[in-house]
Each structure stands twice: as C-alpha cells, then as structure tokens.
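Undergrad: After the structure tokens below, expect a handful of questions from me.
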Amino acid sequence: MAKKKTGTIESYTLKSGEKRYRFQIYIGKDPLTGKEMRTTRSNFKTKKEAELALARLKLEIANGQYKKIQAETYREVYDLWIKRYEKTVEESTFVKTRNIFKNHILPAMADYKIDKINIDICQRHVDEWMDKLVNGDKVKSYASLVMRFAMQRGYIDKNPFNLVDLPHKSKKRTSTHDKNLFYTKDQLREFLASAEKHPNYKVYAFFRLLAYSGMRKGEALALTWQDIDFANNEIDINKALTQGVSQKLYVKSTKTGVSRKIKMDEATMVILKEWKKKQKQAFLMLGYNTLAKDQLVFSNTENSFIQPAKTNDWVKSILRNTDLPYISTHKFRHTHCSLLFEAGAAIKSVQDRLGHADIKTTMDVYAHVTANAKEDAILKYVDYLK
C-alpha cells in the first residue's frame, strides 16, 4: 500500500467565531513500533498560509530534513502529561485538575506551539487568570506543570512560567474570598434553630454534627454508625466520601490520610441517637435493613451515598425562613474553628480536632478571630470610659 504523503487543508471555527485552517500529513513510520506517524498543523488564519506551511513541510520530509518531536502543541504535551499525572494522584484530585485545564488553561493555550510559548504569552494569561479567578495562582501552577514536562522531555529548553510575575490579588478577589467566611455564635444558633424545624430530621442532624464537630462534609457523608461511640461520646473520623471520574462517588482516606477521634457534646449525641431511630423506621418501610455494621449515618432514599452538592441545597432550604447570609456547607467547618478560638481553645488542640495537616490553615482562622477580638476590645474600652 502506497504511503500517504499529501495533506488536505480544512477549515474550522474557534469559539470566538473566527475561522482557522489546519492540515494533517503523513511523515513516515515510527522506527520503534512500525506504526504510521502523522503530524497536524493548525491555527492558520488564511488558507494560503496553510498551503505555504504544507508545501514547506512536504519539502522537508522529501529532503529528509524533518525531525518529528513527540508533541508540538501545548495540547499534545498536555495529553501526554495528564496520562502520567493520573497515575500519581487520588482520583478526586485528578478530576479537579482535569477540570481546571478544561475550563481555564486549554481554552487559552491549547493551540500554541510548545516551543513558541514565551514569557509574554504566559504573563498575559496569568494576569487574566488572576483577575478573573479566586485561585488564579493555582491555575498558573498547573499550567506550568505541562511546560515543565515538556522541558523534561527535551521539547523546550526552559519553562517560561518560572519567570512570570504574580500580580497582587485585587480588592475584589480578596473581599469576595473573605465575605461570609463563617457564622458568628448568634448566627449559628439562629441557623440551627431553623434547621431543627426542617421537615427532614436528617438535615438537622447533619448540620448539628458539622457545627459541633468541625468535620469535613465528605467525612460526615462517609460516616457509618460503627464510627460513633455513644458510650464515650466519641466519633472516629477515618474516611471521606469524594467524587471521581464521571461523578462516581467513592470512599477514600481522610484528606490528610490520617484518622482522628474527637470528643462530642452530649446534646449532639442525643440528636444523632434520635436520627438513628428515625432512620431505622423510615428505611424499614422502604425495605432496607439499617442494622448492618457499614450502615451510613447519612444516606439517600436508596440507602446509598448522598451527592455532596445536595447539602448546599439543604442550607438554602433552611435559610428560607431567616435573614441569615448564605454560606456553603464547608464554611460550617470554618465556623466551628472560629468559635473554638473564641471559646479559648488552644491552637494545637484545634488543629488536632479539625485534622489540619498544616498549622497555617488553623492560624489563618485564628488571625481572623484575633482581629475581631482586637476591635471588640477597643469598643469595650470606649464604652467603659463613657
């Protein structure tokens, strides 16, 4: 069979509506595998420009001057890198990373020739990400990983992202991040009072547990009744529910990979006991046995895992009868941390209770509480002098 040595130029349209041209051409067989190799060129603004590039490439191939590298565009390098990356991280981490590339990095950089990407190009996109996204610096770090992979493979000599300047976070980004970071003591009381009136007792039990334990949402949704020691008012946090590929739910170790046991107040344990009784009655009517050792504390109507996003809908349903600001489910963890400090708990004990691997995470909340305490102190001083 004759080798295919000619390419066909075709047009395509970008998301912006602009027209571009591309072609694919046969470049011979891989000497290692014997498989046919082709290379693609794209992003030509005119058909004539594409025809000229095709003619030059044909000449290089005919004269034996063409040297094919493994990957030529950012997307091609990304496709190689993501396969390696998937083998090194948790499935849930892989999904989050892949979505960052899909939503932010690839739309900006996919068609760039890997050896033509320079500091100016990288700086422009980093500025855009920092301006639009709360975690623009994280997006930059991920984009840089692909360039580092290209450098390791010999496609480029240096990683231009290493020389990029990170702009200061804008006031808009900072204020958005800080807004409604957590509830105050009075706000939490009001929220739980409203939650207690919720028609689904499971919803009340869930948020009472989060508010008084500080555990992560995924940790609460993975709890089984055997993790709860009612005799000693203690909960063993040893796993977490998370999402993988195609939104598949699965249980993994805690975020830090370390289990922890925490003490609970008696009132919350009474509420959990009441929920266990109600759960047994409700599922008995549906034909489910809740006496199994691995019975979930919080499950859906099919006695299986609850979609994590569902809990934010619960928050909204509780807030309907209040004037409280909305906070996400995760912010109840911040609320617990903040109120522990206000109650006088030591930094180390808070870190251990919440399972923070890095004490900096604990200190960030502590700094916020300390700032509030300083403001409160001067107000009390002024009132005293009056």
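We name chains A, B, ... following the order of the structure tokens; residues begin at 1 in each chain, and ligands are numbered from 1 as shown.
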So that I can see what lies close to segment 223-230 of chain A, please list as a PyMOL selection string the residues with an atom at most 8 Å from it, counting only C-alpha atoms and leaving out residues fewer than 3 positions away in the same chain.
TA: chain A and resi 219-220+233-237+239-240+269+293-298
Undergrad: So, counting only C-alpha atoms, which residue among A:Phe94, A:Ile347, A:Cys122, A:Ile105 is closest to Lys360 of chain A?
TA: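 Smallest distance to Lys360 of chain A is found for A:Ile347.
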Undergrad: Would you mind listing what lies within 9 Å of Val139 of chain A as a VMD selection string, with only C-alpha atoms counted and same-chain residues fewer than 5 positions away left out?
TA: chain A and resid 100 to 101 104 to 105 126 129 to 130 133 144
Undergrad: Within 9 Å of Val350 of chain A, counting only C-alpha atoms, which residues qualify if same-chain residues fewer than 5 places away don't, as a ChimeraX atom specification?
TA: /A:337,340-341,345,355-356,362
Undergrad: Would you save the residues from that selection as a PDB file, in the first residue's frame, using C-alpha atoms?
TA:
ATOM      1  CA  CYS A 337     -12.874  26.519  64.126  1.00  0.00           C
ATOM      2  CA  LEU A 340     -13.426  27.185  69.263  1.00  0.00           C
ATOM      3  CA  PHE A 341     -10.906  30.032  69.325  1.00  0.00           C
ATOM      4  CA  ALA A 345      -9.300  26.666  72.833  1.00  0.00           C
ATOM      5  CA  GLY A 355      -7.346  17.337  61.244  1.00  0.00           C
ATOM      6  CA  HIS A 356      -5.318  20.153  59.712  1.00  0.00           C
ATOM      7  CA  THR A 362      -5.554  26.766  61.590  1.00  0.00           C
TER       8      THR A 362
END
Undergrad: Among segment 120-282 of chain A, which residues carry a DSSP assignment of strand (DSSP E or B), reported as a list of chain:residue names?
TA: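 Answer for segment 120-282 of chain A, restricted to strand (DSSP E or B): A:Thr224, A:Ile228, A:Asp229, A:Glu234, A:Ile235, A:Asp236, A:Ile237, A:Ala240, A:Leu241, A:Thr242, A:Gln243, A:Leu249, A:Tyr250, A:Val251, A:Lys252, A:Arg260, A:Lys261, A:Ile262, A:Lys263.
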Undergrad: From the list A:Glu196, A:Asp115, A:Glu128, A:Glu302, which residue is nearest Pro160 of chain A when using only C-alpha atoms?
TA: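 That would be A:Asp115, the residue with the smallest distance to Pro160 of chain A.
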Undergrad: Please indicate the distance in Å from atom CA of Leu286 of chain A to atom CA of Lys316 of chain A, rounded to one decimal place.
TA: 27.2 Å
Undergrad: Measure the distance from atom CA of Gly218 of chain A to atom CA of Phe182 of chain A in Å and round it to one decimal.
TA: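 Interatomic distance here is 18.4 Å.
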Undergrad: Pick out the closest residue to Met151 of chain A from this set: A:Asp323, A:Ala71, A:Lys132, A:Ala50. Count only C-alpha atoms.
TA: A:Ala71
Undergrad: Just how far from atom CA of Ile82 of chain A is atom CA of Gln243 of chain A, in Å to one decimal?
TA: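 Value for the atom CA of Gln243 of chain A-atom CA of Ile82 of chain A distance: 18.2 Å.
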Undergrad: Using only C-alpha atoms, which of the listed residues (A:Lys252, A:Ile306, A:Gly28, A:Glu76) sits closest to Ala62 of chain A?
TA: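 Of all the options, A:Gly28 lies closest to Ala62 of chain A.
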Undergrad: Compile the contact shell of Tyr250 of chain A as number ranges by chain: residues with an atom at most 10 Å away, counting only C-alpha atoms, same-chain residues fewer than 3 positions apart removed.
TA: A: 91-92, 222, 240-244, 247, 305
Undergrad: Keeping only N, CA and C atoms, write the selected residues as a PDB file, in the first residue's frame.
TA:
ATOM      1  N   GLU A  91      -8.012   9.823  42.651  1.00  0.00           N
ATOM      2  CA  GLU A  91      -8.945  10.010  41.547  1.00  0.00           C
ATOM      3  C   GLU A  91      -9.670  11.344  41.635  1.00  0.00           C
ATOM      4  N   SER A  92     -10.067  11.734  42.850  1.00  0.00           N
ATOM      5  CA  SER A  92     -10.785  13.003  43.022  1.00  0.00           C
ATOM      6  C   SER A  92      -9.893  14.193  42.669  1.00  0.00           C
ATOM      7  N   ALA A 222     -19.422  10.068  54.800  1.00  0.00           N
ATOM      8  CA  ALA A 222     -18.853   8.714  54.773  1.00  0.00           C
ATOM      9  C   ALA A 222     -19.014   7.993  56.105  1.00  0.00           C
ATOM     10  N   ALA A 240     -13.502   9.409  53.991  1.00  0.00           N
ATOM     11  CA  ALA A 240     -14.244  10.540  53.414  1.00  0.00           C
ATOM     12  C   ALA A 240     -14.862  10.130  52.090  1.00  0.00           C
ATOM     13  N   LEU A 241     -16.005  10.716  51.800  1.00  0.00           N
ATOM     14  CA  LEU A 241     -16.676  10.495  50.519  1.00  0.00           C
ATOM     15  C   LEU A 241     -16.184  11.537  49.530  1.00  0.00           C
ATOM     16  N   THR A 242     -15.906  11.107  48.315  1.00  0.00           N
ATOM     17  CA  THR A 242     -15.438  12.048  47.299  1.00  0.00           C
ATOM     18  C   THR A 242     -15.932  11.622  45.928  1.00  0.00           C
ATOM     19  N   GLN A 243     -15.740  12.508  44.932  1.00  0.00           N
ATOM     20  CA  GLN A 243     -16.176  12.234  43.564  1.00  0.00           C
ATOM     21  C   GLN A 243     -14.991  11.927  42.680  1.00  0.00           C
ATOM     22  N   GLY A 244     -15.170  10.921  41.821  1.00  0.00           N
ATOM     23  CA  GLY A 244     -14.130  10.555  40.872  1.00  0.00           C
ATOM     24  C   GLY A 244     -14.562  10.848  39.441  1.00  0.00           C
ATOM     25  N   GLN A 247     -18.280  11.679  37.875  1.00  0.00           N
ATOM     26  CA  GLN A 247     -19.007  11.993  39.110  1.00  0.00           C
ATOM     27  C   GLN A 247     -19.299  10.760  39.951  1.00  0.00           C
ATOM     28  N   PHE A 305     -24.913   6.508  48.934  1.00  0.00           N
ATOM     29  CA  PHE A 305     -24.230   7.788  49.163  1.00  0.00           C
ATOM     30  C   PHE A 305     -25.055   8.979  48.689  1.00  0.00           C
TER      31      PHE A 305
END
Undergrad: Write out as a ChimeraX atom specification the set of residues from segment 94-305 of chain A that DSSP, computed on the backbone, places in helix (DSSP H, G or I).
TA: /A:94-109,114-116,119-132,136-152,160-163,171-178,185-196,201-213,217-222,225-227,245-247,266-286
Undergrad: Within 12 Å of Glu274 of chain A, counting only C-alpha atoms, which residues show up once you throw out same-chain ones fewer than 3 positions away? Write them as a short mmCIF file (atom, residue, chain, number, x, y, z; two decimals) with N, CA and C atoms, in the first residue's frame, please.
TA:
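Full text of selection.cif as output:
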data_model
loop_
_atom_site.label_atom_id
_atom_site.label_comp_id
_atom_site.auth_asym_id
_atom_site.auth_seq_id
_atom_site.Cartn_x
_atom_site.Cartn_y
_atom_site.Cartn_z
N TYR A 201 -35.56 15.35 59.45
CA TYR A 201 -34.73 15.39 60.65
C TYR A 201 -33.26 15.11 60.32
N LYS A 202 -33.02 14.36 59.26
CA LYS A 202 -31.65 14.05 58.83
C LYS A 202 -30.88 15.33 58.55
N TYR A 204 -31.31 18.31 59.90
CA TYR A 204 -30.95 18.95 61.17
C TYR A 204 -29.79 18.22 61.82
N ALA A 205 -29.85 16.89 61.86
CA ALA A 205 -28.78 16.10 62.48
C ALA A 205 -27.45 16.32 61.78
N PHE A 230 -21.37 5.92 71.20
CA PHE A 230 -22.32 6.66 72.04
C PHE A 230 -21.97 6.53 73.53
N ALA A 267 -25.42 16.67 73.96
CA ALA A 267 -26.65 17.07 73.26
C ALA A 267 -26.61 16.63 71.79
N THR A 268 -25.45 16.80 71.14
CA THR A 268 -25.33 16.39 69.74
C THR A 268 -25.47 14.88 69.62
N MET A 269 -24.90 14.13 70.56
CA MET A 269 -25.00 12.68 70.52
C MET A 269 -26.45 12.22 70.71
N VAL A 270 -27.22 12.94 71.52
CA VAL A 270 -28.65 12.62 71.70
C VAL A 270 -29.39 12.83 70.37
N ILE A 271 -29.05 13.91 69.66
CA ILE A 271 -29.68 14.19 68.37
C ILE A 271 -29.34 13.09 67.36
N LYS A 277 -32.76 6.33 65.22
CA LYS A 277 -34.07 5.70 65.43
C LYS A 277 -35.02 6.04 64.27
N LYS A 278 -35.03 7.32 63.86
CA LYS A 278 -35.90 7.75 62.77
C LYS A 278 -35.47 7.11 61.45
N GLN A 279 -34.16 7.00 61.24
CA GLN A 279 -33.64 6.38 60.01
C GLN A 279 -34.10 4.93 59.91
N LYS A 280 -34.01 4.21 61.03
CA LYS A 280 -34.40 2.79 61.05
C LYS A 280 -35.88 2.64 60.69
N GLN A 281 -36.71 3.52 61.25
CA GLN A 281 -38.15 3.45 60.98
C GLN A 281 -38.46 3.78 59.53
N VAL A 297 -24.50 6.76 58.21
CA VAL A 297 -25.26 7.64 59.10
C VAL A 297 -26.18 8.53 58.27
#
Undergrad: If we count only C-alpha atoms and set the cut-off at 12 Å, which residues sit around Tyr326 of chain A, ignoring sequence neighbours fewer than 2 positions away in its own chain? Please answer as a ChimeraX atom specification.
TA: /A:179-183,187-188,191,312-320,322-324,328-332
Undergrad: Could you turn the residues from that selection into a file that holds C-alpha atoms, as a PDB file, in the first residue's frame?
TA:
ATOM      1  CA  LYS A 179     -17.137  37.597  52.662  1.00  0.00           C
ATOM      2  CA  ASN A 180     -19.288  35.301  54.825  1.00  0.00           C
ATOM      3  CA  LEU A 181     -16.266  33.217  55.801  1.00  0.00           C
ATOM      4  CA  PHE A 182     -18.273  31.722  58.686  1.00  0.00           C
ATOM      5  CA  TYR A 183     -21.187  32.372  61.042  1.00  0.00           C
ATOM      6  CA  GLN A 187     -25.904  33.380  63.600  1.00  0.00           C
ATOM      7  CA  LEU A 188     -25.098  29.707  64.140  1.00  0.00           C
ATOM      8  CA  PHE A 191     -29.352  28.657  61.757  1.00  0.00           C
ATOM      9  CA  ASN A 312     -25.779  23.123  49.786  1.00  0.00           C
ATOM     10  CA  ASP A 313     -29.430  22.780  48.730  1.00  0.00           C
ATOM     11  CA  TRP A 314     -30.191  21.843  52.334  1.00  0.00           C
ATOM     12  CA  VAL A 315     -28.521  25.062  53.510  1.00  0.00           C
ATOM     13  CA  LYS A 316     -30.719  27.114  51.169  1.00  0.00           C
ATOM     14  CA  SER A 317     -33.883  25.344  52.356  1.00  0.00           C
ATOM     15  CA  ILE A 318     -33.004  26.111  55.995  1.00  0.00           C
ATOM     16  CA  LEU A 319     -32.270  29.779  55.257  1.00  0.00           C
ATOM     17  CA  ARG A 320     -35.660  30.452  53.630  1.00  0.00           C
ATOM     18  CA  THR A 322     -34.258  33.512  58.146  1.00  0.00           C
ATOM     19  CA  ASP A 323     -32.378  36.681  57.205  1.00  0.00           C
ATOM     20  CA  LEU A 324     -29.020  34.952  57.530  1.00  0.00           C
ATOM     21  CA  SER A 328     -21.554  26.869  51.809  1.00  0.00           C
ATOM     22  CA  THR A 329     -21.545  23.599  53.738  1.00  0.00           C
ATOM     23  CA  HIS A 330     -17.755  23.738  54.045  1.00  0.00           C
ATOM     24  CA  LYS A 331     -17.978  27.071  55.883  1.00  0.00           C
ATOM     25  CA  PHE A 332     -19.547  25.312  58.888  1.00  0.00           C
TER      26      PHE A 332
END
